[in-house]
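structure-v6.txt (compact mmCIF, C-alpha atoms and all ligand atoms)
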```txt
# COMPACT_ATOMS: atom_id res chain seq x y z
CA MET A 300 12.03 -8.14 -16.26
CA TYR A 301 8.22 -8.14 -16.59
CA PRO A 302 6.49 -5.74 -16.86
CA PHE A 303 9.33 -3.31 -17.53
CA LYS A 304 11.27 -2.95 -20.76
CA ALA A 305 14.48 -1.49 -19.29
CA GLN A 306 17.31 -3.66 -18.10
CA LEU A 307 16.82 -3.49 -14.35
CA SER A 308 18.63 -5.13 -11.49
CA THR A 309 15.44 -5.01 -9.42
CA THR A 310 11.79 -4.01 -9.96
CA LEU A 311 11.58 -2.46 -6.48
CA VAL A 312 11.55 1.33 -6.02
CA ARG A 313 13.50 1.80 -2.82
CA ASN A 314 13.45 5.57 -2.18
CA GLU A 315 9.83 5.67 -1.07
CA TRP A 316 7.76 5.54 2.14
CA TYR A 317 5.99 2.19 2.43
CA VAL A 318 3.40 0.99 4.91
CA VAL A 319 4.96 -1.78 7.02
CA ALA A 320 2.31 -2.25 9.75
CA THR A 321 -0.81 -0.74 11.23
CA GLY A 322 -0.21 1.31 14.36
CA SER A 323 -2.62 -0.92 16.28
CA GLU A 324 -0.55 -4.02 15.46
CA LEU A 325 2.34 -2.82 17.56
CA GLY A 326 1.44 -4.05 21.01
CA GLU A 327 3.25 -6.41 23.35
CA LYS A 328 4.74 -8.53 20.61
CA PRO A 329 7.27 -7.51 17.98
CA VAL A 330 6.14 -7.86 14.36
CA ALA A 331 8.44 -9.79 12.01
CA ARG A 332 8.08 -9.05 8.30
CA THR A 333 10.02 -9.04 5.07
CA ILE A 334 9.93 -5.59 3.47
CA LEU A 335 11.38 -5.10 -0.02
CA GLY A 336 13.31 -8.33 0.40
CA ARG A 337 14.77 -7.48 3.80
CA PRO A 338 13.88 -9.19 7.08
CA VAL A 339 12.80 -6.57 9.64
CA VAL A 340 11.34 -6.32 13.12
CA ILE A 341 8.82 -3.58 13.98
CA PHE A 342 7.92 -2.59 17.55
CA ARG A 343 7.46 0.43 19.87
CA ASP A 344 10.46 1.83 21.70
CA GLY A 345 10.51 3.04 25.33
CA GLU A 346 8.72 6.26 24.33
CA GLY A 347 6.03 4.44 22.37
CA LYS A 348 7.51 5.47 19.02
CA ALA A 349 7.21 2.94 16.20
CA VAL A 350 10.62 1.69 15.05
CA MET A 351 11.87 -0.76 12.44
CA LEU A 352 15.20 -2.59 12.69
CA HIS A 353 16.98 -5.20 10.64
CA GLY A 354 15.20 -8.40 11.61
CA LEU A 355 18.05 -10.83 12.28
CA CYS A 356 20.30 -10.82 15.33
CA PRO A 357 23.92 -10.19 14.30
CA HIS A 358 25.13 -12.81 16.79
CA ARG A 359 23.67 -15.96 15.18
CA ASN A 360 20.98 -14.61 12.82
CA TYR A 361 18.08 -15.59 15.10
CA PRO A 362 14.91 -13.64 14.09
CA LEU A 363 14.42 -10.60 16.34
CA GLY A 364 10.66 -10.47 15.68
CA ASP A 365 9.85 -14.15 16.00
CA GLY A 366 10.24 -17.24 18.13
CA GLU A 367 11.25 -16.38 21.68
CA SER A 368 12.30 -12.79 20.86
CA GLN A 369 10.34 -10.15 22.74
CA VAL A 370 10.00 -6.46 23.51
CA VAL A 371 11.44 -5.68 26.98
CA ASP A 372 11.19 -2.10 28.23
CA GLY A 373 10.90 -0.77 24.68
CA GLN A 374 13.94 -2.73 23.49
CA ILE A 375 14.08 -5.89 21.46
CA GLN A 376 15.55 -8.89 23.21
CA CYS A 377 16.82 -11.68 20.98
CA GLY A 378 15.13 -14.97 21.83
CA TYR A 379 18.29 -17.05 21.45
CA HIS A 380 20.87 -15.63 23.92
CA GLY A 381 19.16 -12.47 25.21
CA ILE A 382 21.23 -9.76 23.50
CA ARG A 383 19.22 -6.50 23.43
CA PHE A 384 18.89 -3.60 20.97
CA ASP A 385 17.18 -0.26 21.44
CA GLY A 386 15.04 1.57 18.87
CA THR A 387 18.12 3.03 17.20
CA GLY A 388 19.49 -0.48 16.62
CA THR A 389 22.25 0.04 19.19
CA CYS A 390 23.19 -3.04 21.21
CA THR A 391 22.47 -2.19 24.87
CA PHE A 392 23.04 -5.44 26.69
CA VAL A 393 24.97 -8.68 26.25
CA PRO A 394 24.40 -11.33 28.93
CA GLY A 395 27.62 -12.07 30.83
CA SER A 396 29.47 -9.05 29.40
CA PRO A 397 30.32 -5.94 31.41
CA LYS A 398 29.36 -3.69 28.49
CA PRO A 399 27.51 -4.12 25.21
CA SER A 400 29.54 -4.71 22.08
CA ARG A 401 29.65 -1.90 19.54
CA PHE A 402 30.05 -4.53 16.82
CA LEU A 403 26.56 -5.82 17.47
CA SER A 404 24.39 -2.91 16.32
CA VAL A 405 21.70 -3.46 13.68
CA THR A 406 20.36 -1.12 10.99
CA ALA A 407 17.46 1.13 12.06
CA TYR A 408 15.21 2.39 9.25
CA PRO A 409 13.50 5.82 9.15
CA VAL A 410 9.88 5.43 10.35
CA VAL A 411 6.86 7.76 10.48
CA GLU A 412 3.39 6.99 11.85
CA GLN A 413 0.61 8.66 9.83
CA ALA A 414 -3.04 7.97 9.04
CA GLY A 415 -3.04 4.93 11.34
CA TRP A 416 -0.25 3.25 9.44
CA VAL A 417 3.46 2.83 10.18
CA TRP A 418 5.52 3.91 7.16
CA ALA A 419 9.20 3.03 6.72
CA TRP A 420 11.93 3.91 4.25
CA THR A 421 14.42 1.27 3.14
CA GLY A 422 16.23 3.45 0.57
CA ASP A 423 18.93 6.07 1.04
CA PRO A 424 18.30 7.35 4.62
CA GLU A 425 19.52 10.83 3.59
CA LEU A 426 16.46 11.14 1.33
CA ALA A 427 13.90 9.98 3.92
CA ASP A 428 11.95 13.22 4.25
CA PRO A 429 8.54 12.86 6.00
CA SER A 430 7.15 15.60 3.75
CA LYS A 431 7.45 13.08 0.89
CA LEU A 432 4.77 10.85 2.40
CA PRO A 433 2.21 10.39 -0.38
CA ALA A 434 -1.11 12.30 -0.39
CA LEU A 435 -0.34 14.20 2.81
CA ASP A 436 -2.85 16.91 2.02
CA ARG A 437 -5.79 14.68 1.07
CA PRO A 438 -8.82 14.70 3.37
CA GLU A 439 -9.79 11.16 2.42
CA LEU A 440 -6.60 9.95 4.07
CA TYR A 441 -6.04 12.31 6.97
CA ASP A 442 -9.02 14.54 7.73
CA PRO A 443 -10.47 13.62 11.17
CA SER A 444 -13.90 14.93 10.12
CA TRP A 445 -14.09 12.02 7.66
CA ASP A 446 -14.85 8.48 8.74
CA HIS A 447 -11.74 6.31 8.45
CA ARG A 448 -12.04 2.56 8.70
CA LEU A 449 -8.54 1.30 9.28
CA ASP A 450 -7.72 -2.40 9.23
CA CYS A 451 -10.27 -3.14 6.52
CA TYR A 452 -8.03 -5.73 4.93
CA TYR A 453 -4.50 -7.06 5.11
CA GLU A 454 -2.98 -10.01 3.29
CA VAL A 455 0.22 -11.01 1.56
CA ILE A 456 -0.47 -11.60 -2.13
CA GLN A 457 1.60 -14.28 -3.84
CA GLY A 458 2.21 -12.04 -6.81
CA ARG A 459 4.40 -9.11 -7.82
CA TYR A 460 3.40 -5.66 -6.65
CA MET A 461 2.97 -4.31 -10.19
CA LEU A 462 0.09 -6.74 -10.80
CA LEU A 463 -1.74 -5.21 -7.84
CA LEU A 464 -0.97 -1.59 -8.78
CA GLU A 465 -2.12 -2.18 -12.36
CA ASN A 466 -5.28 -3.87 -11.09
CA LEU A 467 -6.05 -0.83 -8.94
CA MET A 468 -5.50 1.64 -11.78
CA ASP A 469 -7.85 -0.30 -14.03
CA LEU A 470 -11.32 -0.21 -12.51
CA SER A 471 -13.02 -1.59 -15.62
CA HIS A 472 -12.75 -4.94 -13.85
CA LEU A 473 -15.30 -3.76 -11.24
CA SER A 474 -18.07 -4.72 -13.63
CA TYR A 475 -16.81 -8.29 -14.00
CA LEU A 476 -14.44 -9.56 -11.31
CA HIS A 477 -16.51 -7.79 -8.63
CA GLY A 478 -19.80 -7.84 -10.52
CA ASP A 479 -21.59 -9.70 -7.72
CA VAL A 480 -20.93 -6.80 -5.31
CA VAL A 481 -20.82 -3.79 -7.63
CA GLN A 482 -23.71 -4.85 -9.89
CA ASP A 483 -23.02 -2.19 -12.53
CA VAL A 484 -21.85 -3.50 -15.89
CA SER A 485 -21.92 0.04 -17.28
CA ILE A 486 -18.71 1.06 -15.45
CA ALA A 487 -16.55 -0.85 -17.93
CA ASP A 488 -18.33 0.80 -20.89
CA ARG A 489 -17.98 4.40 -19.73
CA ARG A 490 -15.45 6.79 -21.23
CA LEU A 491 -12.13 6.78 -19.41
CA ASP A 492 -10.19 10.02 -18.91
CA VAL A 493 -6.58 9.99 -17.75
CA GLU A 494 -5.32 13.14 -16.02
CA GLU A 495 -1.93 13.87 -14.54
CA ASP A 496 -0.23 16.63 -12.57
CA GLU A 497 2.87 16.84 -10.41
CA HIS A 498 1.10 15.13 -7.47
CA SER A 499 -0.76 12.23 -9.00
CA LEU A 500 -2.10 10.33 -12.00
CA ARG A 501 -5.85 9.80 -12.21
CA ALA A 502 -8.08 7.42 -14.15
CA ILE A 503 -11.60 8.86 -14.10
CA ARG A 504 -14.90 7.56 -15.39
CA ARG A 505 -17.52 10.28 -15.32
CA MET A 506 -20.67 8.51 -14.28
CA ASP A 507 -23.41 10.76 -15.73
CA ASN A 508 -26.95 9.58 -15.31
CA ALA A 509 -25.89 6.78 -13.00
CA PRO A 510 -29.01 4.97 -11.89
CA ILE A 511 -29.87 4.94 -8.21
CA GLY A 512 -29.77 1.23 -7.59
CA PHE A 513 -28.69 -1.42 -5.12
CA MET A 514 -25.40 0.24 -4.12
CA GLU A 515 -26.93 3.69 -3.69
CA ALA A 516 -29.75 2.23 -1.63
CA THR A 517 -27.12 0.75 0.68
CA LEU A 518 -24.75 3.72 0.84
CA TYR A 519 -27.15 6.62 0.83
CA LYS A 520 -30.40 5.00 1.97
CA ALA A 521 -31.88 6.15 -1.35
CA GLU A 522 -34.86 4.54 -3.00
CA PRO A 523 -33.74 2.17 -5.84
CA GLY A 524 -35.10 3.35 -9.19
CA SER A 525 -35.86 6.81 -7.86
CA GLY A 526 -33.67 8.64 -10.34
CA THR A 527 -30.10 9.20 -11.48
CA TYR A 528 -27.11 11.12 -10.18
CA TYR A 529 -23.54 11.96 -11.13
CA TYR A 530 -20.19 10.89 -9.71
CA ASP A 531 -16.59 10.27 -10.71
CA ASN A 532 -15.45 6.69 -10.38
CA GLN A 533 -11.71 7.05 -10.08
CA SER A 534 -8.31 5.62 -9.25
CA GLU A 535 -5.54 7.96 -8.21
CA TYR A 536 -1.91 6.87 -8.18
CA PHE A 537 0.33 8.81 -5.81
CA SER A 538 3.36 6.55 -5.56
CA PRO A 539 4.27 2.86 -5.86
CA SER A 540 3.16 2.60 -2.23
CA LEU A 541 -0.27 4.26 -2.44
CA ILE A 542 -3.33 4.28 -4.69
CA VAL A 543 -6.71 5.73 -3.74
CA THR A 544 -9.82 4.41 -5.50
CA GLY A 545 -13.44 5.37 -5.03
CA ASN A 546 -16.34 7.56 -5.95
CA ARG A 547 -16.09 11.34 -5.73
CA LEU A 548 -19.34 13.27 -5.72
CA PRO A 549 -19.43 16.91 -6.83
CA GLU A 550 -20.99 19.80 -4.97
CA GLY A 551 -24.73 19.85 -5.40
CA SER A 552 -25.22 16.09 -5.16
CA PRO A 553 -28.49 14.90 -3.67
CA GLU A 554 -28.75 15.42 0.05
CA GLY A 555 -27.31 12.55 2.08
CA PHE A 556 -25.05 11.43 -0.76
CA GLY A 557 -21.26 11.68 -0.37
CA SER A 558 -17.82 10.47 -1.49
CA ASN A 559 -16.24 7.22 -0.41
CA PHE A 560 -12.72 5.97 -1.00
CA PHE A 561 -10.55 2.93 -0.52
CA ILE A 562 -6.94 3.65 0.31
CA HIS A 563 -4.63 0.92 -0.86
CA ALA A 564 -1.16 0.56 0.63
CA VAL A 565 1.03 -1.65 -1.52
CA THR A 566 4.40 -2.76 -0.17
CA PRO A 567 6.59 -5.31 -1.94
CA GLU A 568 7.49 -8.16 0.40
CA THR A 569 9.86 -9.62 -2.19
CA GLU A 570 10.16 -9.22 -5.98
CA ASN A 571 7.23 -11.65 -6.36
CA THR A 572 5.07 -11.19 -3.24
CA THR A 573 3.22 -8.15 -1.89
CA HIS A 574 1.81 -6.82 1.37
CA TYR A 575 -1.63 -5.30 0.77
CA TRP A 576 -3.52 -3.09 3.24
CA VAL A 577 -6.88 -1.39 2.58
CA GLN A 578 -8.50 1.48 4.49
CA GLU A 579 -11.94 2.93 3.78
CA SER A 580 -12.90 6.57 4.25
CA ARG A 581 -16.02 8.62 3.56
CA ASP A 582 -17.54 12.04 4.21
CA PHE A 583 -21.15 10.91 4.76
CA ARG A 584 -22.89 8.80 7.40
CA VAL A 585 -19.82 9.46 9.59
CA GLY A 586 -19.91 7.22 12.65
CA ASP A 587 -22.73 5.08 11.24
CA ARG A 588 -21.98 1.56 12.46
CA GLU A 589 -24.39 -0.09 10.02
CA LEU A 590 -22.49 1.35 7.05
CA ASP A 591 -19.16 0.42 8.65
CA GLU A 592 -20.37 -3.18 8.76
CA PHE A 593 -21.27 -3.00 5.06
CA PHE A 594 -17.75 -1.80 4.16
CA ILE A 595 -16.12 -4.34 6.44
CA GLY A 596 -18.20 -7.05 4.72
CA ALA A 597 -17.29 -5.75 1.24
CA ASN A 598 -13.65 -5.95 2.22
CA GLN A 599 -14.07 -9.64 2.96
CA ILE A 600 -15.07 -10.08 -0.70
CA ILE A 601 -13.52 -7.53 -3.10
CA PRO A 602 -9.81 -7.67 -2.15
CA VAL A 603 -10.13 -11.45 -1.82
CA GLN A 604 -11.35 -11.60 -5.44
CA ASP A 605 -8.43 -9.38 -6.53
CA LYS A 606 -5.93 -11.53 -4.63
CA ALA A 607 -7.26 -14.69 -6.28
CA ALA A 608 -7.12 -13.12 -9.76
CA LEU A 609 -3.57 -11.83 -9.30
CA GLU A 610 -2.37 -15.15 -7.90
CA PHE A 611 -3.91 -16.97 -10.89
CA ILE A 612 -1.96 -14.66 -13.19
CA GLU A 613 1.29 -14.85 -11.24
CA SER A 614 1.16 -18.64 -11.08
CA THR A 615 0.90 -19.15 -14.84
CA PRO A 616 4.32 -20.07 -16.20
CA GLU A 617 3.85 -17.52 -19.02
CA SER A 618 3.54 -14.57 -16.65
CA ALA A 619 7.31 -14.10 -16.42
CA LYS A 620 7.64 -13.45 -20.17
CA TRP A 621 4.14 -12.27 -20.86
CA ALA A 622 3.37 -10.58 -24.18
CA GLU A 623 0.31 -8.57 -23.17
CA ARG A 624 -2.31 -7.17 -25.52
CA ALA A 625 -3.13 -3.81 -23.96
CA GLN A 626 -6.58 -2.26 -24.44
CA GLN A 627 -7.99 1.27 -24.27
CA PHE A 628 -8.93 0.82 -20.64
CA ASP A 629 -5.31 -0.04 -19.73
CA ARG A 630 -4.13 3.51 -20.50
CA ALA A 631 -3.82 4.71 -16.91
CA ALA A 632 -2.10 1.53 -15.75
CA LEU A 633 0.41 1.80 -18.60
CA ARG A 634 1.14 5.45 -17.81
CA MET A 635 1.68 4.54 -14.16
CA ARG A 636 3.99 1.73 -15.18
CA ALA A 637 6.04 4.17 -17.29
CA LYS A 638 6.36 6.53 -14.30
CA ILE A 639 7.56 3.70 -12.06
CA GLU A 640 9.98 2.51 -14.71
CA GLU A 641 11.43 6.05 -14.93
CA ARG A 642 12.03 5.99 -11.18
CA LEU A 643 13.64 2.56 -11.31
CA VAL A 644 15.98 3.60 -14.10
CA GLU A 645 16.88 6.79 -12.22
CA GLU A 646 17.49 5.01 -8.90
CA GLN A 647 19.55 2.31 -10.49
CA ALA A 648 21.66 4.82 -12.43
CA VAL A 649 22.43 6.63 -9.15
CA SER A 650 23.40 3.44 -7.36
CA ALA A 651 25.55 2.35 -10.33
CA THR A 652 27.34 5.72 -10.26
CA ALA A 653 27.84 5.46 -6.50
CA ALA A 654 29.31 1.97 -6.95
CA ASP A 655 31.67 3.29 -9.68
CA GLN A 656 32.88 6.06 -7.44
CA ALA A 657 33.38 3.91 -4.35
CA PRO A 658 37.05 3.49 -3.45
CA ALA A 659 38.39 0.09 -4.46
CA THR A 660 38.76 -2.25 -1.53
CA VAL A 661 41.99 -4.21 -1.08
S1 LIG B 1 21.45 -15.14 18.13
FE1 LIG B 1 20.72 -13.40 19.09
S2 LIG B 1 21.69 -13.40 21.00
FE2 LIG B 1 22.54 -15.10 20.01
FE FE B 2 -10.52 -5.17 -7.82
```
Could you render the structure from this file as structure tokens?
Amino acid sequence: MYPFKAQLSTTLVRNEWYVVATGSELGEKPVARTILGRPVVIFRDGEGKAVMLHGLCPHRNYPLGDGESQVVDGQIQCGYHGIRFDGTGTCTFVPGSPKPSRFLSVTAYPVVEQAGWVWAWTGDPELADPSKLPALDRPELYDPSWDHRLDCYYEVIQGRYMLLLENLMDLSHLSYLHGDVVQDVSIADRRLDVEEDEHSLRAIRRMDNAPIGFMEATLYKAEPGSGTYYYDNQSEYFSPSLIVTGNRLPEGSPEGFGSNFFIHAVTPETENTTHYWVQESRDFRVGDRELDEFFIGANQIIPVQDKAALEFIESTPESAKWAERAQQFDRAALRMRAKIEERLVEEQAVSATAADQAPATV
């Protein structure tokens, strides 16, 4: 199944934390979504904790996050006949019955709220360890002394999640697809280094002698044409659910210059559609509303261009059996793909073994 070579029953890595909502989305109304092919409902329980349950009522399959369903006292009340479930998925109330039925519970998924996002785990619940959240130690995601613009962008892309991940690991397209915003054709021509350690995989373009131009004038209030500087233009893959892209500036950069990143949360909705959230963070001009507006504006353009490109690709009939012609600049994306494929093969071998060992039913 494209883009993997192995025989796979699914392209979805299940044992992973995925973003399923922003924390600010969980207000009065429940949120109904499909996450890795499963209908779910996301809301806050009586203690304000974010929870995610199976999204269909076991009585008649009415959606628990949609229609007339609502959150009542931190529990979800089905909009059809009023049966209620608490944040653990336990049925707490059945209209007209003296006590709730134990046959009416729904699955509750492990959930953690971090960095402004709600992360859930749809794989083996025994493996859902919060310390496995990606990039936990990275200041660009969690450090409160940085500026974090949550809610920069959210859309469902009508394309498979691997198209988006590969797009994010291949920033040569900045010069072309986003040329109107980035205005630097030289990015695509720079040498690409690919580095890897146990935490992440990085695609880095070392931007020596980068001219101070339009973008620098906007970001750093520098005078266009006033000189050159140095930065790393990079993409860093942490997991199938998280890639961080951006510009990292070394110590000793000109005063007022700093690093800025886009944090991309990628969550398969189905095998062929993808939830896409973007956050921005930076360590300069913290709290500067004018620069916030610039980034908010850029996020009305750049991810929209990516979405359009990926949907063009996905919608071509050839994309399902695509024979690609990989180039030098695809190296990081291909390495990432290999890592994901390894995980898929491993997960599917474990589930096949578990199925073999399950007692036969009669
Ligand atoms: S379908 Fe939910 S209570 Fe009947
Ligand atoms: Fe892009």
Which of A:Asp488, A:Glu592, A:Glu439, A:Glu570 sits closest to Thr309 (chain A) [using only C-alpha atoms]: A:Glu570
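The closest residue to Gln627 (chain A), picked from A:Leu440, A:Leu491, A:Ala653, A:Val339 and counting only C-alpha atoms, is A:Leu491.
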From A:Ala305, A:Ala331, A:Val405, A:Leu467, residue lying nearest ligand LIG 1 (chain B) [all atoms listed in the file]: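 Using all atoms listed in the file, the shortest distance to ligand LIG 1 (chain B) belongs to A:Val405.
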Atomic separation - CA of Arg581 (chain A) relative to CA of Trp445 (chain A), Å: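 Interatomic distance, CA of Trp445 (chain A) to CA of Arg581 (chain A): 5.7 Å.
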Distance in Å - CA of Ser396 (chain A) versus CA of Ser368 (chain A):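 Taking CA of Ser396 (chain A) and CA of Ser368 (chain A), their separation equals 19.5 Å.
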Distance in Å - CA of Ser499 (chain A) versus CA of Ala631 (chain A):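 Separating CA of Ser499 (chain A) from CA of Ala631 (chain A) is a distance of 11.3 Å.
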Which chain A residues have any atom within 7 Å of an atom of ligand LIG 1 (chain B), and for each, what is the nearest pair of atoms with distance in Å to one decimal, counting all atoms listed in the file, rows sorted by chain and number, as CSV?
```
residue,atom,partner,partner_atom,distance
A:Cys356,CA,B:LIG1,FE1,4.6
A:Pro357,CA,B:LIG1,FE1,6.6
A:His358,CA,B:LIG1,S1,4.6
A:Arg359,CA,B:LIG1,S1,3.8
A:Asn360,CA,B:LIG1,S1,5.4
A:Tyr361,CA,B:LIG1,S1,4.6
A:Cys377,CA,B:LIG1,FE1,4.7
A:Gly378,CA,B:LIG1,FE1,6.4
A:Tyr379,CA,B:LIG1,FE2,4.9
A:His380,CA,B:LIG1,S2,3.8
A:Gly381,CA,B:LIG1,S2,5.0
A:Ile382,CA,B:LIG1,S2,4.4
```
Residue neighbourhood Val484 (chain A), 12 Å, all atoms listed in the file, exclusion window fewer than 5 positions, as a PyMOL selection string: chain A and resi 470-479+489+509-510
